[in-house]
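*Asks:* Structure supplied as model.txt; contents: compact mmCIF, C-alpha atoms and all ligand atoms.
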```
# COMPACT_ATOMS: atom_id res chain seq x y z
CA MET S 1 79.46 105.09 109.89
CA ARG S 2 78.20 101.79 111.23
CA ASN S 3 78.92 100.89 114.80
CA SER S 4 78.81 97.31 115.88
CA SER S 5 75.23 97.36 117.21
CA ALA S 6 74.00 99.05 114.03
CA VAL S 7 75.58 96.24 112.08
CA CYS S 8 73.69 93.71 114.18
CA SER S 9 70.28 95.30 113.93
CA ASN S 10 70.65 96.31 110.28
CA ARG S 11 71.34 92.85 109.07
CA VAL S 12 68.47 90.94 110.66
CA SER S 13 65.10 90.28 109.09
CA SER S 14 61.90 91.10 111.03
CA SER S 15 61.25 87.46 111.94
CA GLU S 16 64.78 87.23 113.21
CA LYS S 17 64.15 90.39 115.23
CA ARG S 18 61.03 88.85 116.78
CA ARG S 19 63.03 85.77 117.69
CA GLN S 20 65.70 87.96 119.26
CA LEU S 21 63.03 89.82 121.24
CA ASN S 22 61.60 86.56 122.64
CA TRP S 23 65.09 85.51 123.52
CA SER S 24 65.65 88.79 125.33
CA MET S 25 62.39 88.37 127.30
CA GLU S 26 63.54 84.96 128.47
CA GLN S 27 66.81 86.45 129.56
CA ILE S 28 65.11 89.25 131.45
CA LEU S 29 63.08 86.67 133.39
CA MET S 30 66.29 84.80 134.11
CA VAL S 31 67.86 88.01 135.38
CA PHE S 32 64.99 88.59 137.80
CA GLY S 33 65.32 85.02 139.00
CA ALA S 34 69.02 85.50 139.58
CA ILE S 35 68.48 88.76 141.42
CA ARG S 36 65.93 87.16 143.76
CA ALA S 37 68.26 84.27 144.41
CA ALA S 38 71.14 86.64 145.14
CA ASN S 39 69.05 88.61 147.62
CA LYS S 40 68.18 85.46 149.56
CA PRO S 41 71.57 83.93 150.22
CA MET S 42 71.11 80.26 151.08
CA ILE S 43 74.26 80.28 153.12
CA SER S 44 74.27 82.45 156.15
CA PHE S 45 77.79 82.43 157.44
CA ARG S 46 78.90 85.51 159.26
CA PHE S 47 81.26 86.71 156.55
CA VAL S 48 78.37 87.06 154.15
CA GLU S 49 77.78 90.74 154.86
CA ARG S 50 74.66 92.61 154.00
CA GLY S 51 76.16 94.36 150.99
CA PHE S 52 76.98 91.04 149.39
CA GLY S 53 73.51 90.43 147.94
CA LEU S 54 73.36 93.94 146.49
CA ARG S 55 76.75 93.58 144.87
CA VAL S 56 75.76 90.27 143.30
CA THR S 57 72.53 91.90 142.10
CA LEU S 58 74.43 94.69 140.38
CA LEU S 59 76.91 92.28 138.87
CA VAL S 60 74.17 90.03 137.48
CA LEU S 61 72.30 93.07 136.17
CA VAL S 62 75.28 94.58 134.40
CA ALA S 63 76.37 91.26 132.92
CA SER S 64 72.84 90.55 131.69
CA LEU S 65 72.44 93.98 130.16
CA LEU S 66 75.67 93.43 128.30
CA ILE S 67 74.41 90.13 126.97
CA ILE S 68 70.94 91.39 126.08
CA GLY S 69 71.79 94.90 124.89
CA GLY S 70 74.90 94.32 122.90
CA CYS S 71 75.43 91.86 120.15
CA LYS S 72 78.52 89.80 120.12
CA PRO S 73 81.63 91.91 119.53
CA ALA S 74 82.05 92.46 115.78
CA THR S 75 84.21 89.77 114.26
CA PRO S 76 87.51 91.35 113.21
CA THR S 77 87.21 92.74 109.72
CA VAL S 78 89.74 91.93 107.06
CA GLN S 79 92.74 94.23 107.23
CA TYR S 80 95.14 95.40 104.57
CA ALA S 81 98.39 93.52 104.76
CA PRO S 82 101.14 92.61 102.31
CA MET S 83 100.40 89.24 100.70
CA THR S 84 103.38 89.12 98.36
CA THR S 85 106.80 90.76 98.01
CA VAL S 86 108.14 94.00 96.49
CA ARG S 87 109.68 91.80 93.79
CA ASP S 88 106.24 90.32 93.02
CA VAL S 89 104.62 93.76 92.85
CA MET S 90 107.41 94.91 90.50
CA LYS S 91 107.11 91.91 88.20
CA SER S 92 103.33 91.54 88.24
CA ILE S 93 102.07 95.10 88.29
CA VAL S 94 104.68 97.87 88.08
CA GLU S 95 106.79 96.58 85.20
CA PRO S 96 104.01 95.23 82.92
CA SER S 97 101.99 98.43 83.38
CA ALA S 98 104.94 100.74 82.76
CA ASP S 99 106.11 98.69 79.76
CA PHE S 100 102.67 98.85 78.21
CA LEU S 101 102.56 102.64 78.59
CA TRP S 102 106.11 103.20 77.34
CA ASP S 103 105.42 101.02 74.29
CA SER S 104 102.03 102.57 73.57
CA VAL S 105 103.39 105.79 72.15
CA GLU S 106 106.25 105.64 69.68
CA THR S 107 107.53 107.43 66.64
CA ILE S 108 108.47 104.79 64.09
CA ALA S 109 110.72 105.63 61.18
CA THR S 110 109.65 103.91 57.96
CA THR S 111 110.82 104.19 54.38
CA LYS S 112 107.87 106.47 53.73
CA GLY S 113 108.70 108.81 56.60
CA THR S 114 107.71 108.67 60.26
CA GLU S 115 104.67 107.00 61.69
CA LYS S 116 103.19 107.66 65.09
CA LYS S 117 102.20 104.70 67.19
CA MET S 118 99.57 105.78 69.74
CA PRO S 119 96.23 104.69 71.14
CA ARG S 120 93.54 105.62 68.63
CA THR S 121 90.31 103.75 69.22
CA ASP S 122 88.19 104.03 72.36
CA ASP S 123 89.16 100.47 73.25
CA GLU S 124 92.84 101.31 72.96
CA TRP S 125 92.39 104.36 75.19
CA LEU S 126 90.47 102.23 77.68
CA GLU S 127 93.35 99.78 77.81
CA GLU S 128 95.83 102.64 78.23
CA HIS S 129 93.78 103.87 81.14
CA GLU S 130 93.58 100.43 82.79
CA HIS S 131 97.36 100.06 82.85
CA THR S 132 97.78 103.56 84.23
CA VAL S 133 95.35 102.85 87.07
CA ALA S 134 97.31 99.69 87.92
CA LEU S 135 100.51 101.72 88.06
CA VAL S 136 99.02 104.50 90.18
CA GLU S 137 97.54 102.03 92.66
CA ALA S 138 100.75 99.99 92.82
CA THR S 139 102.18 102.89 94.83
CA ASN S 140 99.63 102.10 97.55
CA LEU S 141 100.69 98.47 97.53
CA LEU S 142 104.31 99.52 97.98
CA LEU S 143 103.30 101.74 100.91
CA ILE S 144 101.81 98.87 102.94
CA PRO S 145 104.25 98.39 105.82
CA ASN S 146 106.24 95.20 106.43
CA ARG S 147 106.24 93.96 102.84
CA HIS S 148 109.29 91.81 102.31
CA VAL S 149 111.50 92.64 99.37
CA ALA S 150 111.63 89.00 98.24
CA LYS S 151 110.60 85.59 99.56
CA PRO S 152 112.86 83.96 102.14
CA GLY S 153 115.72 82.30 100.31
CA GLU S 154 115.25 84.29 97.09
CA ARG S 155 118.51 85.75 95.88
CA ALA S 156 119.48 88.56 93.54
CA ASP S 157 119.13 87.48 89.90
CA ASN S 158 122.57 88.92 89.17
CA PRO S 159 124.62 88.81 92.36
CA GLY S 160 127.36 91.40 92.27
CA LEU S 161 125.31 93.64 89.98
CA GLU S 162 122.30 93.76 92.27
CA ARG S 163 122.00 93.99 96.04
CA GLU S 164 120.62 90.94 97.80
CA PRO S 165 116.97 91.30 98.89
CA GLN S 166 117.77 90.99 102.60
CA GLU S 167 120.32 93.79 102.26
CA ILE S 168 117.70 96.00 100.55
CA GLU S 169 115.22 95.13 103.28
CA ALA S 170 117.68 96.18 105.98
CA MET S 171 118.25 99.51 104.19
CA ILE S 172 114.50 100.16 104.01
CA ALA S 173 113.99 99.21 107.67
CA LYS S 174 116.78 101.54 108.74
CA ASP S 175 115.56 104.54 106.76
CA ARG S 176 111.93 104.16 105.73
CA ALA S 177 111.60 107.87 104.94
CA THR S 178 113.82 107.49 101.87
CA PHE S 179 111.79 104.51 100.64
CA LEU S 180 108.56 106.50 101.09
CA ASN S 181 110.11 109.39 99.20
CA ARG S 182 110.94 107.11 96.24
CA ILE S 183 107.42 105.69 96.24
CA GLY S 184 106.24 109.30 96.23
CA GLY S 185 108.30 109.86 93.07
CA LEU S 186 106.61 106.92 91.40
CA ARG S 187 103.21 108.19 92.48
CA GLN S 188 103.82 111.68 91.07
CA ALA S 189 105.02 110.26 87.77
CA SER S 190 102.11 107.85 87.43
CA LEU S 191 99.58 110.55 88.32
CA LYS S 192 101.05 112.73 85.55
CA MET S 193 100.54 109.75 83.27
CA LEU S 194 96.94 109.40 84.43
CA THR S 195 96.20 113.06 83.73
CA ALA S 196 97.72 112.78 80.24
CA VAL S 197 95.90 109.52 79.46
CA GLU S 198 92.54 110.87 80.60
CA ALA S 199 93.09 113.94 78.41
CA ARG S 200 94.21 111.68 75.52
CA ASP S 201 97.28 113.91 75.41
CA VAL S 202 99.95 111.96 73.49
CA THR S 203 102.75 114.49 74.09
CA GLY S 204 101.79 114.45 77.78
CA ILE S 205 102.10 110.66 77.80
CA GLU S 206 105.58 110.89 76.28
CA ASP S 207 106.62 113.48 78.88
CA ALA S 208 105.14 111.43 81.72
CA GLY S 209 106.95 108.37 80.31
CA GLY S 210 110.30 110.13 80.77
CA ILE S 211 109.44 111.18 84.32
CA LEU S 212 108.27 107.65 85.06
CA ASP S 213 111.55 106.17 83.85
CA LYS S 214 113.44 108.49 86.18
CA ALA S 215 111.18 107.53 89.12
CA CYS S 216 112.03 103.82 88.61
CA GLU S 217 115.71 104.58 88.34
CA ASP S 218 115.74 106.85 91.41
CA CYS S 219 114.54 104.00 93.55
CA HIS S 220 116.59 101.28 91.86
CA THR S 221 119.85 103.23 92.16
CA THR S 222 119.12 103.79 95.84
CA TYR S 223 118.44 100.16 96.68
CA TRP S 224 118.85 97.67 93.94
CA TYR S 225 122.16 98.51 92.28
CA PRO S 226 125.14 98.52 94.60
CA PRO S 227 127.35 101.62 94.35
CA ASP S 228 130.00 101.46 91.60
CA LYS S 229 133.24 100.05 92.88
C1 LIG N 1 110.11 102.73 95.69
C2 LIG N 1 111.14 101.96 95.06
C3 LIG N 1 110.93 101.42 93.68
C4 LIG N 1 110.38 102.02 92.59
C5 LIG N 1 109.81 103.43 92.49
C6 LIG N 1 110.48 101.08 91.52
N1 LIG N 1 111.06 99.93 91.94
FE1 LIG N 1 111.39 98.29 90.84
N2 LIG N 1 112.34 97.43 92.40
C7 LIG N 1 112.48 97.98 93.65
C8 LIG N 1 113.24 97.09 94.47
C9 LIG N 1 113.61 97.33 95.92
C10 LIG N 1 113.59 95.99 93.68
C11 LIG N 1 114.45 94.78 94.04
C12 LIG N 1 113.61 93.61 94.43
C13 LIG N 1 114.40 92.34 94.32
O1 LIG N 1 115.40 92.16 95.01
O2 LIG N 1 114.01 91.54 93.51
C14 LIG N 1 112.98 96.23 92.38
C15 LIG N 1 113.03 95.35 91.32
C16 LIG N 1 112.45 95.53 90.12
C17 LIG N 1 112.44 94.56 89.06
C18 LIG N 1 113.09 93.21 89.11
C19 LIG N 1 112.28 92.14 89.73
C20 LIG N 1 113.10 90.87 89.67
O3 LIG N 1 112.99 90.16 88.68
O4 LIG N 1 113.86 90.62 90.60
C21 LIG N 1 111.79 95.12 88.01
C22 LIG N 1 111.53 94.50 86.67
C23 LIG N 1 111.39 96.45 88.41
N3 LIG N 1 111.79 96.66 89.72
C24 LIG N 1 110.72 97.35 87.62
C25 LIG N 1 110.40 98.63 88.00
C26 LIG N 1 109.83 99.61 87.11
C27 LIG N 1 109.54 99.41 85.65
C28 LIG N 1 109.64 100.74 87.86
C29 LIG N 1 109.07 102.05 87.43
C30 LIG N 1 107.91 102.09 86.63
C31 LIG N 1 110.08 100.44 89.20
N4 LIG N 1 110.53 99.15 89.24
C32 LIG N 1 110.01 101.32 90.25
C33 LIG N 1 112.00 99.18 94.07
C34 LIG N 1 111.37 100.10 93.26
```
Using the file provided, produce a representation of the structure as structure tokens.
*Replies:*
Amino acid sequence: MRNSSAVCSNRVSSSEKRRQLNWSMEQILMVFGAIRAANKPMISFRFVERGFGLRVTLLVLVASLLIIGGCKPATPTVQYAPMTTVRDVMKSIVEPSADFLWDSVETIATTKGTEKKMPRTDDEWLEEHEHTVALVEATNLLLIPNRHVAKPGERADNPGLEREPQEIEAMIAKDRATFLNRIGGLRQASLKMLTAVEARDVTGIEDAGGILDKACEDCHTTYWYPPDK
């Protein structure tokens, strides 16, 4: 909505505006001075043709209008960019959120029969919702281009059982479409979870939990676990 000049004029107070106006008047006077000077060249060599003064006039005029009319070019705004690695997003957001949701609904067998563990109070449902939102939005974090899989020098926790991060990164770079497809799987699963949580639908949460598990595995079998020897 806002262009750069709107940003400039919107932000200033009226006293600031008055100061800017005075400043502009001074500049306009300077421009006229410059134009008069340009039209009366002090040097009168032969190569100073007649058009020279006019061209200088136009140049000074355009440059001054740019200075007076525009504000400084908008300072670059902050851009989205990966700040941490896929491993960090997994450990800090994806896994804790998914674990919370998987553990939130359970059928527990007791000596007196079965007991259902599920969110019951408003606070518990609120917490359920918070973890689901984190999971849903983690898919956006994974979509940000150029995120490294792990920090330089970080190795697989279980070499031989897991691919090395740089190997995974090369696979993703070579075929990004497959990576995007797997993120899409995670997004679909977590959106199903969100719908179920917002409806306080416990069976829906259990179903979404199964789909979520498959979405994790689909991506991990593609990249993380090397093919069986
Ligand atoms: C789009 C692909 C993708 C999806 C979907 C995905 N992961 Fe991952 N995950 C990865 C990659 C790639 C790694 C390997 C990173 C590394 O080398 O540490 C990983 C690693 C992990 C790790 C290990 C981090 C470590 O200690 O090294 C955990 C835990 C994890 N994922 C949990 C999950 C869970 C839980 C889900 C589902 C809710 C999930 N992931 C969904 C791509 C994915």
*Asks:* Considering all atoms listed in the file, return as number ranges by chain whatever protein or nucleic-acid residues lie within 9 Å of stretch 104-106 of chain S, sequence-local ones (same chain, fewer than 4 positions apart) excluded.
*Replies:* S: 99-100, 115-119, 128, 202-203, 205-206
*Asks:* Throw together the list of residues within 8 Å of ligand LIG 1 (chain N), counting all atoms listed in the file, and drop it here as a short mmCIF file (atom, residue, chain, number, x, y, z; two decimals) with C-alpha atoms, in the coordinates of the input.
*Replies:*
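Heads up, here's the output in selection_38.cif:
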```cif
data_model
loop_
_atom_site.label_atom_id
_atom_site.label_comp_id
_atom_site.auth_asym_id
_atom_site.auth_seq_id
_atom_site.Cartn_x
_atom_site.Cartn_y
_atom_site.Cartn_z
CA VAL S 86 108.14 94.00 96.49
CA ARG S 87 109.68 91.80 93.79
CA ASP S 88 106.24 90.32 93.02
CA MET S 90 107.41 94.91 90.50
CA LYS S 91 107.11 91.91 88.20
CA VAL S 94 104.68 97.87 88.08
CA GLU S 95 106.79 96.58 85.20
CA PRO S 96 104.01 95.23 82.92
CA SER S 97 101.99 98.43 83.38
CA ALA S 98 104.94 100.74 82.76
CA ASP S 99 106.11 98.69 79.76
CA LEU S 135 100.51 101.72 88.06
CA THR S 139 102.18 102.89 94.83
CA LEU S 142 104.31 99.52 97.98
CA VAL S 149 111.50 92.64 99.37
CA ALA S 150 111.63 89.00 98.24
CA ARG S 155 118.51 85.75 95.88
CA ALA S 156 119.48 88.56 93.54
CA ASP S 157 119.13 87.48 89.90
CA GLU S 162 122.30 93.76 92.27
CA ARG S 163 122.00 93.99 96.04
CA GLU S 164 120.62 90.94 97.80
CA PRO S 165 116.97 91.30 98.89
CA ILE S 168 117.70 96.00 100.55
CA GLU S 169 115.22 95.13 103.28
CA PHE S 179 111.79 104.51 100.64
CA LEU S 180 108.56 106.50 101.09
CA ASN S 181 110.11 109.39 99.20
CA ARG S 182 110.94 107.11 96.24
CA ILE S 183 107.42 105.69 96.24
CA GLY S 184 106.24 109.30 96.23
CA GLY S 185 108.30 109.86 93.07
CA LEU S 186 106.61 106.92 91.40
CA LEU S 212 108.27 107.65 85.06
CA ASP S 213 111.55 106.17 83.85
CA LYS S 214 113.44 108.49 86.18
CA ALA S 215 111.18 107.53 89.12
CA CYS S 216 112.03 103.82 88.61
CA GLU S 217 115.71 104.58 88.34
CA ASP S 218 115.74 106.85 91.41
CA CYS S 219 114.54 104.00 93.55
CA HIS S 220 116.59 101.28 91.86
CA TYR S 223 118.44 100.16 96.68
CA TRP S 224 118.85 97.67 93.94
#
```
*Asks:* Which value, in Å to one decimal, gives the distance between atom CA of S:Val197 and atom CA of S:Gly209?
*Replies:*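 Atom CA of S:Gly209 lies at a distance of 11.1 Å from atom CA of S:Val197.
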*Asks:* Which is closest to S:Tyr225 among S:Glu154, S:Glu130, S:Glu167, S:Glu137, if we use only C-alpha atoms?
*Replies:*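 Once distances to S:Tyr225 are computed over only C-alpha atoms, the minimum belongs to S:Glu167.
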*Asks:* Go ahead and compute the interatomic distance for atom CA of S:Ala196 and atom CA of S:Leu101, in Å to one decimal.
*Replies:*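 Between these atoms lies a distance of 11.4 Å.
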